[in-house]
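To start, the structure under review is shown below, and the notes come after it.
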Amino acid sequence: MIGKGIMKKAFTKLKRKKHEKVAPSRITNETIAEHREKILAGGKKFKYPHQYVRHKLVINAIIIAAVSLVVLTIIAWWQLYVVQNTSEFMYRMTRVLPVPVASVEGEQMRYSDYLMRYRSQELWLSGTGRMNLDGKEGDRQLSYVKRSVLDGLIADTYAAKRAKELNITVSDNDIQKIIDQKRATATGTISQEVYNASIKDTLGYSPDEYRHILKQSLLRQRVAYSLDKKADALQKEINAKILADPAVSLKALADGYAGKESTIVYGASGIMVPKTNQDGGLSQLAVSLKDNEISKSFRSTTGDGYYFVRRIEKNDRQVSYEYVVVNLTEFSKDVAKLKKDNKVQEFISIKEVKQEQEKG
C-alpha cells in the first residue's frame, strides 16, 4: 500500500510538470510577452510589502513630527513665560513667531519688542558699570528693569492705539530729525555710520530697531500732548503772563501755582552745561535766546511737558538756564486707569521692586 501511494504521488508530480509551460530560454519577438509577464509576476510579491512599509514610515514620521512640535512648543512656552529666558536665541525666535507678552484693551504686544528693549537696557547698564548682575542684588535690579520696560511698552501700545483714533502719525523725516539732533556733539556733527555704530555698541540696536524705538517714543509724545487739554490751557495762561511781564521771575511764577496737585515745576541747569547737552532740547533753546530772555512755550523732545526757558549765561561752548515746566499728566492717568480696570493683561509675572530700587 505504501509503495503504491508513493508511485501515485510521483506520477501526479510528473503529470503536473508536463502541463506546466516551460519558459523559452531565448528572448525573441514571439516570446518577449511571456518573459515580461514572468518578470512582472515575480515583482508583485515585493511590491505590496514595500508599499505597506512606506505608508507606515510616513505615518510614523508624521507622529514623530507632531510629538516633537508639541514638545518644542512646551519648552518654548516654559522658557518664555516661566523662566523668562532673555537670550539672543529667544529674541530671534520671537521675531519669527509673533507670541505676545501682554495686551492692552485686546491689543497684543509682541514678546520680541519686550526682549529688544530689555536686552538693550541690560547691555547699557552692565556696559557702563551701573549694574552688578551677580547675586540677589543683580536679580532685584533686573526685575526693576523688566518692570520698567514692560510698563513702557504698555504705554507705547496704548499710545499707538489712541494715535489711530486721533489720526496722529510719525513720518520717516520726523525720526531722522531726532537722529540728526542726537548726532550733534560739542566738537561737531558725527556721521550717520559712526552714530549707528555707537548705538549698536551702547544699546545693542540695529539702525532699523533704533528707528522703531524712536517712532514709538515720538508717537507716545504726540498722543500725550494731544490728550492733555489741561496742560495746554495752563501753558497758554503762563505764556500770556510772560508776554505781559517779560521780566517776571520764573520761580515766583511757579510758586504762584504751588499746591498739592500742581503740575507746574521750577528748575534750573545749575551749572554751565554743553550747548549740545542731551536735555530734551532745553540747552539748544537757551543758546538761541539773549541773556535773561524767556522763551515761548516749548515742547520738550522728551515729551514730558511744556517748557519756558530763561537763559542766564552763555560762552562759546556752554550755557546755563532756568525753566518752568507744565508737566503732562493725562496720558499717565489713562494708562493707570486701564490697569486699575483690568484692561491690561500681562502674560509674564514680574514682581514690583520700585521701593527697593529707590532705596538702592
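Residue numbering restarts at 1 in every chain; chains get A, B, ... in the order shown in the C-alpha cells, and ligands count up from 1 in that same order.
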
**Test item: residues at most 12 Å from Ser262 in chain A, only C-alpha atoms, excluding those fewer than 2 positions along its chain, as a ChimeraX atom specification** = /A:230-231,234,254-260,264-266,325-329

**Request:** May I have the residues within 7 Å of Leu219 in chain A as a ChimeraX atom specification, using only C-alpha atoms and disregarding those fewer than 6 positions away in the same chain?
**Result:** /A:159-160,169-170

**Request:** Kindly give the distance, in Å, that separates CA of Gln221 in chain A and CA of Ile178 in chain A, rounded to a single decimal.
**Result:**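 That distance, rounded to one decimal, is 12.9 Å.
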
**Request:** For range 341-347 of chain A, list every protein, DNA or RNA residue within 8 Å, evaluated using only C-alpha atoms, and leave out those in the same chain fewer than 2 positions away; present the list as a PyMOL selection string.
**Result:** chain A and resi 81+100-106+337-339+349

**Message:** Please compute the CA of Ser249 in chain A-CA of Ala268 in chain A distance, one decimal, in Å.
**Reply:**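 Separating CA of Ser249 in chain A from CA of Ala268 in chain A is a distance of 12.6 Å.
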
**Request:** Per DSSP on the backbone, filter range 63-232 of chain A down to the residues in strand (DSSP E or B) and report them as a list in words.
**Result:** Pro100, Val101, Ala102, Ser103, Val104, Glu107, Gln108, Met109, Arg110, Ala184, Thr185, Gly188 and Thr189 of chain A

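The coordinates place CA of Tyr321 in chain A at 11.0 Å from CA of Lys275 in chain A.
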
**range 58-249 of chain A: residues DSSP assigns to alpha helix (DSSP H), reported as number ranges by chain** = A: 58-77, 88-96, 111-127, 135-166, 172-183, 192-203, 207-227, 229-244

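Nearest to Gly303 in chain A of all the residues A:Val287, A:Val223, A:Ile348, A:Ala155 is A:Val223, counting only C-alpha atoms.
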
**Message:** Taking only C-alpha atoms into account, name the residue in A:Gln284, A:Thr302, A:Ser226, A:Thr187 that is nearest to Glu330 in chain A.
**Reply:**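 Smallest distance to Glu330 in chain A is found for A:Ser226.
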
**Ser269 in chain A environment, 9 Å, only C-alpha atoms, sequence neighbours closer than 2 positions dropped, as a PyMOL selection string** = chain A and resi 267+271-273+283+319-323

Create the file for the chosen residues now, containing C-alpha atoms and written as an mmCIF file, in the first residue's frame.
data_model
loop_
_atom_site.group_PDB
_atom_site.id
_atom_site.type_symbol
_atom_site.label_atom_id
_atom_site.label_comp_id
_atom_site.auth_asym_id
_atom_site.auth_seq_id
_atom_site.Cartn_x
_atom_site.Cartn_y
_atom_site.Cartn_z
ATOM 1 C CA GLY A 267 14.040 124.057 37.707
ATOM 2 C CA ILE A 271 25.857 124.942 36.256
ATOM 3 C CA MET A 272 27.068 125.673 32.764
ATOM 4 C CA VAL A 273 26.262 122.718 30.510
ATOM 5 C CA SER A 283 20.189 123.807 26.048
ATOM 6 C CA VAL A 319 25.150 127.684 28.585
ATOM 7 C CA SER A 320 23.183 127.927 31.839
ATOM 8 C CA TYR A 321 19.437 128.405 32.164
ATOM 9 C CA GLU A 322 16.367 128.130 34.363
ATOM 10 C CA TYR A 323 12.913 126.971 33.387
#

**Message:** I'd like the neighbourhood of Lys241 in chain A as a PyMOL selection string, where a residue qualifies if any of its atoms comes within 12 Å (using only C-alpha atoms), though same-chain residues fewer than 5 positions away should be ignored.
**Reply:** chain A and resi 234-236+246-250+252-254+256+294+296-297+308

Just to be explicit: take each residue in the selection above, keep N, CA, C and O atoms, and write the result as a PDB file, in the first residue's frame.
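Result file follows (out_25.pdb):
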ATOM      1  N   LEU A 234      -2.987 125.559  30.670  1.00  0.00           N
ATOM      2  CA  LEU A 234      -2.055 126.182  31.618  1.00  0.00           C
ATOM      3  C   LEU A 234      -0.884 126.833  30.910  1.00  0.00           C
ATOM      4  O   LEU A 234      -0.450 127.936  31.284  1.00  0.00           O
ATOM      5  N   GLN A 235      -0.354 126.175  29.877  1.00  0.00           N
ATOM      6  CA  GLN A 235       0.799 126.758  29.190  1.00  0.00           C
ATOM      7  C   GLN A 235       0.405 128.026  28.442  1.00  0.00           C
ATOM      8  O   GLN A 235       1.189 128.973  28.346  1.00  0.00           O
ATOM      9  N   LYS A 236      -0.811 128.091  27.960  1.00  0.00           N
ATOM     10  CA  LYS A 236      -1.289 129.315  27.311  1.00  0.00           C
ATOM     11  C   LYS A 236      -1.446 130.439  28.333  1.00  0.00           C
ATOM     12  O   LYS A 236      -1.139 131.608  28.053  1.00  0.00           O
ATOM     13  N   PRO A 246       7.749 140.450  30.706  1.00  0.00           N
ATOM     14  CA  PRO A 246       8.912 139.654  30.277  1.00  0.00           C
ATOM     15  C   PRO A 246       9.981 139.507  31.352  1.00  0.00           C
ATOM     16  O   PRO A 246      10.817 138.597  31.270  1.00  0.00           O
ATOM     17  N   ALA A 247       9.987 140.375  32.383  1.00  0.00           N
ATOM     18  CA  ALA A 247      10.998 140.308  33.439  1.00  0.00           C
ATOM     19  C   ALA A 247      10.511 139.506  34.641  1.00  0.00           C
ATOM     20  O   ALA A 247      11.182 139.473  35.680  1.00  0.00           O
ATOM     21  N   VAL A 248       9.375 138.858  34.549  1.00  0.00           N
ATOM     22  CA  VAL A 248       8.820 138.110  35.663  1.00  0.00           C
ATOM     23  C   VAL A 248       9.780 137.015  36.117  1.00  0.00           C
ATOM     24  O   VAL A 248      10.506 136.423  35.303  1.00  0.00           O
ATOM     25  N   SER A 249       9.803 136.737  37.415  1.00  0.00           N
ATOM     26  CA  SER A 249      10.629 135.663  37.962  1.00  0.00           C
ATOM     27  C   SER A 249       9.946 134.323  37.694  1.00  0.00           C
ATOM     28  O   SER A 249       8.790 134.124  38.071  1.00  0.00           O
ATOM     29  N   LEU A 250      10.671 133.410  37.047  1.00  0.00           N
ATOM     30  CA  LEU A 250      10.089 132.095  36.746  1.00  0.00           C
ATOM     31  C   LEU A 250       9.796 131.316  38.024  1.00  0.00           C
ATOM     32  O   LEU A 250       8.794 130.595  38.102  1.00  0.00           O
ATOM     33  N   ALA A 252       9.018 132.591  40.976  1.00  0.00           N
ATOM     34  CA  ALA A 252       7.830 133.187  41.583  1.00  0.00           C
ATOM     35  C   ALA A 252       6.576 132.793  40.812  1.00  0.00           C
ATOM     36  O   ALA A 252       5.511 132.560  41.395  1.00  0.00           O
ATOM     37  N   LEU A 253       6.739 132.671  39.493  1.00  0.00           N
ATOM     38  CA  LEU A 253       5.608 132.269  38.650  1.00  0.00           C
ATOM     39  C   LEU A 253       5.168 130.851  38.992  1.00  0.00           C
ATOM     40  O   LEU A 253       3.978 130.573  39.155  1.00  0.00           O
ATOM     41  N   ALA A 254       6.141 129.958  39.164  1.00  0.00           N
ATOM     42  CA  ALA A 254       5.824 128.575  39.516  1.00  0.00           C
ATOM     43  C   ALA A 254       5.239 128.487  40.920  1.00  0.00           C
ATOM     44  O   ALA A 254       4.293 127.718  41.161  1.00  0.00           O
ATOM     45  N   GLY A 256       3.436 130.533  42.326  1.00  0.00           N
ATOM     46  CA  GLY A 256       2.062 131.006  42.306  1.00  0.00           C
ATOM     47  C   GLY A 256       1.063 129.900  41.992  1.00  0.00           C
ATOM     48  O   GLY A 256      -0.131 130.037  42.288  1.00  0.00           O
ATOM     49  N   ILE A 294      13.158 135.171  28.114  1.00  0.00           N
ATOM     50  CA  ILE A 294      12.342 133.972  28.340  1.00  0.00           C
ATOM     51  C   ILE A 294      11.741 133.517  27.015  1.00  0.00           C
ATOM     52  O   ILE A 294      11.205 134.330  26.251  1.00  0.00           O
ATOM     53  N   LYS A 296       9.228 131.360  24.374  1.00  0.00           N
ATOM     54  CA  LYS A 296       7.818 130.999  24.291  1.00  0.00           C
ATOM     55  C   LYS A 296       7.668 129.541  24.723  1.00  0.00           C
ATOM     56  O   LYS A 296       8.652 128.842  24.956  1.00  0.00           O
ATOM     57  N   SER A 297       6.445 129.070  24.801  1.00  0.00           N
ATOM     58  CA  SER A 297       6.192 127.680  25.183  1.00  0.00           C
ATOM     59  C   SER A 297       6.930 126.727  24.242  1.00  0.00           C
ATOM     60  O   SER A 297       6.906 126.891  23.014  1.00  0.00           O
ATOM     61  N   PHE A 308       9.178 126.713  29.572  1.00  0.00           N
ATOM     62  CA  PHE A 308       9.510 128.118  29.363  1.00  0.00           C
ATOM     63  C   PHE A 308      10.927 128.295  29.903  1.00  0.00           C
ATOM     64  O   PHE A 308      11.175 128.062  31.092  1.00  0.00           O
TER      65      PHE A 308
END

**Message:** Give me the residues near Asp172 in chain A as an MDAnalysis selection string, where near means some atom within 12 Å (using only C-alpha atoms) and where sequence neighbours in that chain fewer than 3 positions away do not count.
**Reply:** chainID A and resid 169 175:179 208 211:212 214:215 218

Using only C-alpha atoms, please write the residues we just selected to a file, as a PDB file, in the first residue's frame.
ATOM      1  CA  THR A 169       1.282 109.812  12.663  1.00  0.00           C
ATOM      2  CA  ILE A 175      12.501 110.274  13.012  1.00  0.00           C
ATOM      3  CA  GLN A 176      15.509 111.453  11.021  1.00  0.00           C
ATOM      4  CA  LYS A 177      15.237 114.939  12.555  1.00  0.00           C
ATOM      5  CA  ILE A 178      15.526 113.416  16.025  1.00  0.00           C
ATOM      6  CA  ILE A 179      18.540 111.359  14.943  1.00  0.00           C
ATOM      7  CA  ASP A 208      16.057  99.596  11.981  1.00  0.00           C
ATOM      8  CA  ARG A 211      14.268 103.832  14.367  1.00  0.00           C
ATOM      9  CA  HIS A 212      11.411 101.593  15.535  1.00  0.00           C
ATOM     10  CA  LEU A 214      12.216 106.308  18.237  1.00  0.00           C
ATOM     11  CA  LYS A 215       8.964 106.050  16.294  1.00  0.00           C
ATOM     12  CA  LEU A 218       7.691 110.084  19.324  1.00  0.00           C
TER      13      LEU A 218
END

**Message:** Just want the 8 Å neighbourhood of Ser300 in chain A, counted on only C-alpha atoms, with same-chain residues fewer than 4 positions away dropped. Output as a PyMOL selection string.
**Reply:** chain A and resi 280-282+304-307

Any chance you can output those residues with N, CA, C and O atoms as a CSV table (one decimal), in the first residue's frame?
chain,number,residue,atom,x,y,z
A,280,GLY,N,16.6,117.2,26.3
A,280,GLY,CA,15.3,117.4,25.7
A,280,GLY,C,15.2,118.7,24.8
A,280,GLY,O,14.1,119.1,24.4
A,281,GLY,N,16.4,119.3,24.5
A,281,GLY,CA,16.4,120.4,23.6
A,281,GLY,C,16.4,121.8,24.4
A,281,GLY,O,16.4,122.8,23.8
A,282,LEU,N,16.5,121.7,25.7
A,282,LEU,CA,16.5,122.9,26.5
A,282,LEU,C,17.8,123.8,26.3
A,282,LEU,O,17.7,125.0,26.2
A,304,ASP,N,7.7,115.3,28.1
A,304,ASP,CA,7.1,115.3,29.5
A,304,ASP,C,6.3,116.6,29.7
A,304,ASP,O,5.6,116.7,30.8
A,305,GLY,N,6.4,117.6,28.9
A,305,GLY,CA,5.6,118.8,29.2
A,305,GLY,C,6.0,120.0,28.3
A,305,GLY,O,6.8,119.9,27.4
A,306,TYR,N,5.4,121.1,28.7
A,306,TYR,CA,5.6,122.4,28.0
A,306,TYR,C,6.7,123.2,28.9
A,306,TYR,O,6.5,123.4,30.1
A,307,TYR,N,7.7,123.7,28.2
A,307,TYR,CA,8.8,124.4,29.0
A,307,TYR,C,8.8,125.9,28.6
A,307,TYR,O,8.6,126.3,27.4
